[in-house]
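Notes follow once the structure below has been shown.
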Amino acid sequence: MQIKRYFFFFIFILTVAGQAQQNPLQAADSVAQLQWVDGIYSQMTQEEKIGQLFMVLVASDQDKASTDKIKKLIVEEHLGGIIFSTGGPQRQAKLTNEYQSLAKVPLLIGMDAEWGLAMRLDSTFAYPWNMTLGAIKDSSIVEEVGFRIGSHAKRMGVHINFAPDVDININPRNPIIGNRSFGEDRENVAQKGAAFVRGMSRAGVLTSAKHFPGHGDTAVDSHKDLPVIPFEKERLDSVELYPYKKLILAGVSGVMVAHLNVPALESDEKRPSSLSADIISGTLKKELGFQGLVLTDALNMKGVTDFAGDINAELQAFLAGNDILLMPKDISAARGAISEALAQGVISESRLASSVKKILMAKYKAGLYDYEPVKSDGLYQDLNSVEDQLLYEKAFENAITLVKNNVSLLPVKNLENKKIAYVRMGDDTGDAFLTALQKFTDVTEVKGKDIGTLKANLGGFNVVIVGFHKSNESPWKPYKFSEKELYWLAELGRSRNFNLILSVFAKPYALLDLVNYNDIDALVLGYQNSKIALEKSAEVIFGAIPAKGVLPVSLGSDFSVGHGILSKSLGRLGYSIPERVGMKGSLLSRVDTLVRNGIDSLMYPGAQVLVARRGKVIYNKNFGKPTYDSTDSITSDHLYDLASLTKILSTLPVVMAMEEEGKISLNDTFGELIQAYDTTDLKNVTVLKALSHYGRLPSWIAFYLSTLNKDRKPSSEFYRSRPGPGYSIEVTKNLYLSDAYQDSIYNRIGRQSLKSNRYRYSDVAYYVMKKYIEDTYEEPLDKLAREKYFLPLGTNNTGYRPLDYFEKKRIVPSEIDNYYRYQTVQGFVHDMGAAMQGGVGGHAGLFSNANDVAKIMQMYLQGGYYGGDRFLQSRTIEKFNKCYFCNENVRRGVGFDKPQLEEYGPTCGCVSRKSFGHSGFTGTYTWADPEEEIIYVFLSNRTYPTSSNNLLIKSELRTRIQQAIYDSIIN
């Protein structure tokens, strides 16, 4: 008996659970819900009950006379709900509160918010369209999108979202669905739709799947005519109806019935599905077992108004089995028709009660039993949160689809061998795409008035990226290539002088017009022309992130639905926002204040500051001007004299590579490296000690002083104003040093005596390293660094002698020199010793911007790997990033600076012992922390107009900024 009792109890639980699953409007506290529903219903007059069936349209951007009409309807017609259309969030919140205050029973507020409130409202967040979400393999991301959209709706006082659209868009020519569909595969549409429903429901907002029984395979817009769905019942059951079966099991709150002609389900060939009892009461309720809200599509659409004629469409819709009648043409006439039908017994009281109680149950589930007005404070911020930005970014990272990839062209590798052009097509902007591409390497926009000119202008480029950009304003905007663009694309494809990459930011169906895919080497589908889609597509192209998406629709016979080539990340820096990597943007904004304070305090005219974490640049800003008198502002394209950052960004990686190749050892002495030093005091100074600044070398040698005349001007014995035989070393503009002086530099170094104090920061070791490097490879240091590191890394803005490569206006002036060169130093190295070596020193001479510096530091953080290439072995970096003389109170690594051992030093004191970096005389600084995976770059020209300005150094501003960075980490 005991076993039998438990068995029946188990069956009872299963039965209750099954009923709960099938009733999407049943709240968890069902007893309280039923009491509330019955209590409200029992107090309502018949007119009030009928009024609950209607939801009327209003837009918060309408004039006052129009919005006031709704107040009259609420009072006189006892409206059940409002559908909000266009407008703004603050205006809608105000109207919502006003309308709710007039309603005897709280109004059910609805909106079309398929991709968020932005489908209707300005100043609100727009999530990707369903077609984009359909490209994502991980449905949990779609669920999160549904949750965030639901959260926005709830915050806005909206209780039911007329979404998701689960039409299976089989017909590419569908004029009204298209991007609103998750795609053409029934399983994918059902999975994504169910995920969206789960997310919305979790947010406490009702859902409404549409457009039943299926609007995907049609080429007619039901707003303008009555589309025909001509398929047999078997086809409808296996395709169009399939998502509804799955969503009913997933707990969808409502189903919106479309205005469609479906002969297989409705015998009257002209009767729209929205007015069909066979389709609504038969197919939807009886066959599919749906117990939730049934809503009509808008009853003022031509697909229904043409059929109804003089017969009241709202009454026909109610008789067919609909519960909520959306956007009636004449609410007074509709209410009168239903009231008369009740009086004549055409409609029973129980039929009315069924719909009204379902509506009341929905209101209870939406929280209207405990109604609260919409709060306007913080509304914009709540509807446009950082969480939304992160999820939007995540969605696109998972949606972007690599459709074709001949010879593994993507992600692009071997940047040193690439000359890349970008060609814009389409009628929308591609600026964000080009800017994103240029963060990875040198990419040039190329134009042409005709195809012949364009092809001629592309001469010399071996990779061409075509970006096809169409409006992201709405999913209904035109998406096709023009005939001219198709012709140009075909012509570019036939030119085999370069690899052709096509990146499409439009509906996938745009690709159906391409005659031939064979001449396109790589095809990337970005789906939408939003800023994030553009940026993330660039990251896929260059391997900062992998391609993960799959096609939600087939592209003819060439590429089937579900097709997508997965690519790998190459370890290049990507770009995001602080919260993506566990930092708080509001706290990081403290950096802005500190940097601006530096400008206001005359520490420097301008600066670039970059922060990266976990492989993502999350802060990259420019401040001030190149000089105090400039009219231009600092941009990311401006280049700074890096000064001593040259040591770790140029010379040191070459030395480390030499150590791996056995060309140098840390125990090698200067006497072994340079034969002339074998008889000098320097002969026993080891590479280890010298690069650790523990070799007792002098700090620096003022070589230039001995080349000045008695007036302290460059002496004619050593200099000429123009190049000539024996005078080819360009120190600065119109100043050329004698070639013979190079030997004098190294001879003078050899004559130096070792200093008594064991720790002394010194540039001298890097003169020696430069000479040994160039003697060993028989190549100048600048060429070696450029070919081995800068070009392969994509640091195309980095190099010595920048005037050889860049416009002068891009280079920030370093100083107004009144002691040696007697001119403004711009485009020439500030350091006098490096200048006397033709601008190429082992210790100074490098120019760059913050983005490029970060790439080199990221390569170090990643153990020598970056962009698909291994530049150094991780064990080598560990060897050089080691403090060998800490027990002697020397904090330095081999080349790298390290955190202080005591209270004061080169960092904020908040970094890990594994961290490393360097600072530069001109006001530069970079630091990397392997434990926190943080890179920090600060570039300024604090030496302008004079290097005697030590305010930046005294203020310790660079390390206070570093402290602010670490303070922004979310614990």
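Letters for chains follow the order of the structure tokens (A, B, ...), residue numbers begin at 1 for each chain, and ligand numbers begin at 1 in the order shown.
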Inset, instruction - Quick one: everything within 6 Å of region 495-507 of chain A, counting only C-alpha atoms, minus sequence neighbours fewer than 2 positions away in the same chain. Send it as a PyMOL selection string. - result: chain A and resi 462-470+479+492-493+509-510+520-529
With N, CA and C atoms retained, could you export that selection as a PDB file, in the first residue's frame?
ATOM      1  N   ASN A 462      49.268  43.554 -52.539  1.00  0.00           N
ATOM      2  CA  ASN A 462      49.094  42.115 -52.740  1.00  0.00           C
ATOM      3  C   ASN A 462      47.927  41.529 -51.948  1.00  0.00           C
ATOM      4  N   VAL A 463      47.265  42.354 -51.151  1.00  0.00           N
ATOM      5  CA  VAL A 463      46.027  41.964 -50.477  1.00  0.00           C
ATOM      6  C   VAL A 463      45.046  43.133 -50.591  1.00  0.00           C
ATOM      7  N   VAL A 464      43.842  42.842 -51.073  1.00  0.00           N
ATOM      8  CA  VAL A 464      42.808  43.874 -51.173  1.00  0.00           C
ATOM      9  C   VAL A 464      41.601  43.416 -50.366  1.00  0.00           C
ATOM     10  N   ILE A 465      41.192  44.251 -49.424  1.00  0.00           N
ATOM     11  CA  ILE A 465      40.011  43.987 -48.602  1.00  0.00           C
ATOM     12  C   ILE A 465      38.884  44.883 -49.095  1.00  0.00           C
ATOM     13  N   VAL A 466      37.838  44.276 -49.603  1.00  0.00           N
ATOM     14  CA  VAL A 466      36.656  45.036 -50.026  1.00  0.00           C
ATOM     15  C   VAL A 466      35.633  44.965 -48.898  1.00  0.00           C
ATOM     16  N   GLY A 467      35.225  46.114 -48.429  1.00  0.00           N
ATOM     17  CA  GLY A 467      34.175  46.177 -47.409  1.00  0.00           C
ATOM     18  C   GLY A 467      32.874  46.622 -48.055  1.00  0.00           C
ATOM     19  N   PHE A 468      31.839  45.785 -47.952  1.00  0.00           N
ATOM     20  CA  PHE A 468      30.528  46.135 -48.510  1.00  0.00           C
ATOM     21  C   PHE A 468      29.627  46.567 -47.369  1.00  0.00           C
ATOM     22  N   HIS A 469      29.266  47.856 -47.352  1.00  0.00           N
ATOM     23  CA  HIS A 469      28.605  48.470 -46.207  1.00  0.00           C
ATOM     24  C   HIS A 469      27.207  48.965 -46.584  1.00  0.00           C
ATOM     25  N   LYS A 470      26.186  48.391 -45.944  1.00  0.00           N
ATOM     26  CA  LYS A 470      24.804  48.818 -46.156  1.00  0.00           C
ATOM     27  C   LYS A 470      24.211  49.282 -44.828  1.00  0.00           C
ATOM     28  N   TYR A 479      19.762  46.055 -49.274  1.00  0.00           N
ATOM     29  CA  TYR A 479      20.945  45.297 -48.894  1.00  0.00           C
ATOM     30  C   TYR A 479      21.756  44.804 -50.084  1.00  0.00           C
ATOM     31  N   LEU A 492      37.764  42.968 -60.074  1.00  0.00           N
ATOM     32  CA  LEU A 492      38.820  42.834 -59.066  1.00  0.00           C
ATOM     33  C   LEU A 492      39.180  41.365 -58.868  1.00  0.00           C
ATOM     34  N   GLY A 493      38.163  40.510 -58.901  1.00  0.00           N
ATOM     35  CA  GLY A 493      38.401  39.086 -58.728  1.00  0.00           C
ATOM     36  C   GLY A 493      39.231  38.495 -59.848  1.00  0.00           C
ATOM     37  N   TYR A 509      21.741  37.458 -47.893  1.00  0.00           N
ATOM     38  CA  TYR A 509      21.173  37.299 -49.229  1.00  0.00           C
ATOM     39  C   TYR A 509      21.817  38.216 -50.265  1.00  0.00           C
ATOM     40  N   ALA A 510      22.536  39.237 -49.805  1.00  0.00           N
ATOM     41  CA  ALA A 510      23.241  40.105 -50.750  1.00  0.00           C
ATOM     42  C   ALA A 510      24.202  39.292 -51.609  1.00  0.00           C
ATOM     43  N   ILE A 520      37.042  35.125 -55.359  1.00  0.00           N
ATOM     44  CA  ILE A 520      37.150  35.708 -54.022  1.00  0.00           C
ATOM     45  C   ILE A 520      37.912  34.716 -53.149  1.00  0.00           C
ATOM     46  N   ASP A 521      39.026  35.141 -52.615  1.00  0.00           N
ATOM     47  CA  ASP A 521      39.874  34.224 -51.841  1.00  0.00           C
ATOM     48  C   ASP A 521      39.343  33.994 -50.437  1.00  0.00           C
ATOM     49  N   ALA A 522      38.804  35.043 -49.836  1.00  0.00           N
ATOM     50  CA  ALA A 522      38.252  34.910 -48.484  1.00  0.00           C
ATOM     51  C   ALA A 522      36.991  35.747 -48.388  1.00  0.00           C
ATOM     52  N   LEU A 523      35.990  35.177 -47.746  1.00  0.00           N
ATOM     53  CA  LEU A 523      34.695  35.846 -47.621  1.00  0.00           C
ATOM     54  C   LEU A 523      34.274  35.842 -46.164  1.00  0.00           C
ATOM     55  N   VAL A 524      34.111  37.049 -45.611  1.00  0.00           N
ATOM     56  CA  VAL A 524      33.719  37.220 -44.216  1.00  0.00           C
ATOM     57  C   VAL A 524      32.345  37.879 -44.188  1.00  0.00           C
ATOM     58  N   LEU A 525      31.426  37.287 -43.439  1.00  0.00           N
ATOM     59  CA  LEU A 525      30.073  37.834 -43.327  1.00  0.00           C
ATOM     60  C   LEU A 525      29.900  38.457 -41.954  1.00  0.00           C
ATOM     61  N   GLY A 526      29.749  39.784 -41.939  1.00  0.00           N
ATOM     62  CA  GLY A 526      29.592  40.516 -40.689  1.00  0.00           C
ATOM     63  C   GLY A 526      28.155  40.838 -40.348  1.00  0.00           C
ATOM     64  N   TYR A 527      27.216  40.612 -41.293  1.00  0.00           N
ATOM     65  CA  TYR A 527      25.772  40.708 -41.114  1.00  0.00           C
ATOM     66  C   TYR A 527      25.230  42.119 -41.003  1.00  0.00           C
ATOM     67  N   GLN A 528      25.836  42.972 -40.195  1.00  0.00           N
ATOM     68  CA  GLN A 528      25.310  44.329 -39.988  1.00  0.00           C
ATOM     69  C   GLN A 528      26.450  45.337 -40.034  1.00  0.00           C
ATOM     70  N   ASN A 529      26.106  46.565 -40.383  1.00  0.00           N
ATOM     71  CA  ASN A 529      27.122  47.603 -40.510  1.00  0.00           C
ATOM     72  C   ASN A 529      27.200  48.455 -39.245  1.00  0.00           C
TER      73      ASN A 529
END
Inset, instruction - List the neighbours of Asn188 (chain A) out to 12 Å using only C-alpha atoms; skip same-chain residues closer than 3 positions along the sequence, and give me the result as a ChimeraX atom specification. - result: /A:130-131,133-139,142,166-169,181-185,191-195,239,242-243,246,550-553,561-562
Selection from above, C-alpha atoms, as a PDB file, in the first residue's frame, can you write it?
ATOM      1  CA  ASN A 130      17.642  37.730 -35.426  1.00  0.00           C
ATOM      2  CA  MET A 131      19.485  36.787 -38.613  1.00  0.00           C
ATOM      3  CA  LEU A 133      21.749  35.807 -33.752  1.00  0.00           C
ATOM      4  CA  GLY A 134      20.915  32.852 -35.977  1.00  0.00           C
ATOM      5  CA  ALA A 135      24.591  32.656 -36.959  1.00  0.00           C
ATOM      6  CA  ILE A 136      25.594  31.998 -33.341  1.00  0.00           C
ATOM      7  CA  LYS A 137      26.093  28.342 -32.464  1.00  0.00           C
ATOM      8  CA  ASP A 138      25.777  28.870 -28.709  1.00  0.00           C
ATOM      9  CA  SER A 139      22.073  29.423 -27.974  1.00  0.00           C
ATOM     10  CA  VAL A 142      20.629  34.318 -27.496  1.00  0.00           C
ATOM     11  CA  VAL A 166      10.118  32.555 -35.423  1.00  0.00           C
ATOM     12  CA  ASP A 167       9.300  32.704 -39.098  1.00  0.00           C
ATOM     13  CA  ILE A 168      11.527  30.352 -41.072  1.00  0.00           C
ATOM     14  CA  ASN A 169      12.803  32.639 -43.796  1.00  0.00           C
ATOM     15  CA  SER A 181      14.195  35.690 -38.827  1.00  0.00           C
ATOM     16  CA  PHE A 182      16.781  33.431 -37.179  1.00  0.00           C
ATOM     17  CA  GLY A 183      17.230  31.801 -40.582  1.00  0.00           C
ATOM     18  CA  GLU A 184      15.918  29.063 -42.818  1.00  0.00           C
ATOM     19  CA  ASP A 185      16.691  25.981 -40.709  1.00  0.00           C
ATOM     20  CA  GLN A 191      16.407  26.619 -30.679  1.00  0.00           C
ATOM     21  CA  LYS A 192      17.094  30.326 -30.923  1.00  0.00           C
ATOM     22  CA  GLY A 193      13.425  31.209 -30.450  1.00  0.00           C
ATOM     23  CA  ALA A 194      13.147  28.997 -27.363  1.00  0.00           C
ATOM     24  CA  ALA A 195      16.336  30.507 -25.946  1.00  0.00           C
ATOM     25  CA  VAL A 239       8.513  23.344 -41.336  1.00  0.00           C
ATOM     26  CA  TYR A 242       7.779  23.306 -36.067  1.00  0.00           C
ATOM     27  CA  PRO A 243       9.157  26.287 -34.056  1.00  0.00           C
ATOM     28  CA  LYS A 246       9.110  23.824 -29.502  1.00  0.00           C
ATOM     29  CA  VAL A 550      27.741  29.663 -39.228  1.00  0.00           C
ATOM     30  CA  LEU A 551      25.385  30.612 -42.030  1.00  0.00           C
ATOM     31  CA  PRO A 552      21.763  30.928 -40.866  1.00  0.00           C
ATOM     32  CA  VAL A 553      20.629  30.660 -44.502  1.00  0.00           C
ATOM     33  CA  VAL A 561      22.907  26.627 -44.138  1.00  0.00           C
ATOM     34  CA  GLY A 562      25.080  25.826 -41.127  1.00  0.00           C
TER      35      GLY A 562
END
Inset, instruction - Would you mind listing what lies within 9 Å of region 247-258 of chain A as a PyMOL selection string, with only C-alpha atoms counted and same-chain residues fewer than 2 positions away left out? - result: chain A and resi 21-25+160+162-163+190-191+193-195+197-198+201+206-215+222+242-245+260+272-275+280+284+288-298+303+322+362
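Every residue of region 823-952 of chain A with a DSSP assignment of helix (DSSP H, G or I), taken from the backbone, is listed as A:Met832, A:Gly833, A:Ala834, A:Ala835, A:Ala850, A:Asn851, A:Asp852, A:Val853, A:Ala854, A:Lys855, A:Ile856, A:Met857, A:Gln858, A:Met859, A:Tyr860, A:Leu861, A:Ser874, A:Arg875, A:Thr876, A:Ile877, A:Glu878, A:Lys879, A:Phe880, A:Cys886, A:Asn887, A:Glu888, A:Leu951, A:Leu952.
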Inset, instruction - Quick one: everything within 9 Å of Asp637 (chain A), counting only C-alpha atoms, minus sequence neighbours fewer than 5 positions away in the same chain. Send it as a list of chain:residue names. - result: A:Asn797, A:Arg810, A:Ile811, A:Asn849
Inset, instruction - For region 154-158 of chain A, please output as a PyMOL selection string all residues within 6 Å (counting only C-alpha atoms; exclusion window: fewer than 3 positions along the same chain). - result: chain A and resi 109-110+151+374
Produce a file of the selected residues containing C-alpha atoms, as a PDB file, in the first residue's frame.
ATOM      1  CA  ILE A 109       1.765  47.565 -22.066  1.00  0.00           C
ATOM      2  CA  GLY A 110       3.182  45.986 -25.201  1.00  0.00           C
ATOM      3  CA  SER A 151      15.072  43.635 -18.578  1.00  0.00           C
ATOM      4  CA  VAL A 374       7.921  53.822 -14.162  1.00  0.00           C
TER       5      VAL A 374
END
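A straight line drawn from CA of Leu108 (chain A) to CA of Arg202 (chain A) is 18.3 Å long.
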Inset, instruction - Take CA of Asn398 (chain A) and CA of Ser238 (chain A) and report the distance between them in Å, one decimal. - result: 28.6 Å
Legend entry - Residues within 8 Å of region 755-759 of chain A, only C-alpha atoms, excluding chain neighbours under 5 positions, as a ChimeraX atom specification: /A:693-698,890
Legend entry - For Thr686 (chain A), the nearest of the candidates A:Gln858, A:Asn171, A:Asn161, A:Asn667, counting only C-alpha atoms: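 Of A:Gln858, A:Asn171, A:Asn161, A:Asn667, the one nearest Thr686 (chain A) is A:Asn667, counting only C-alpha atoms.
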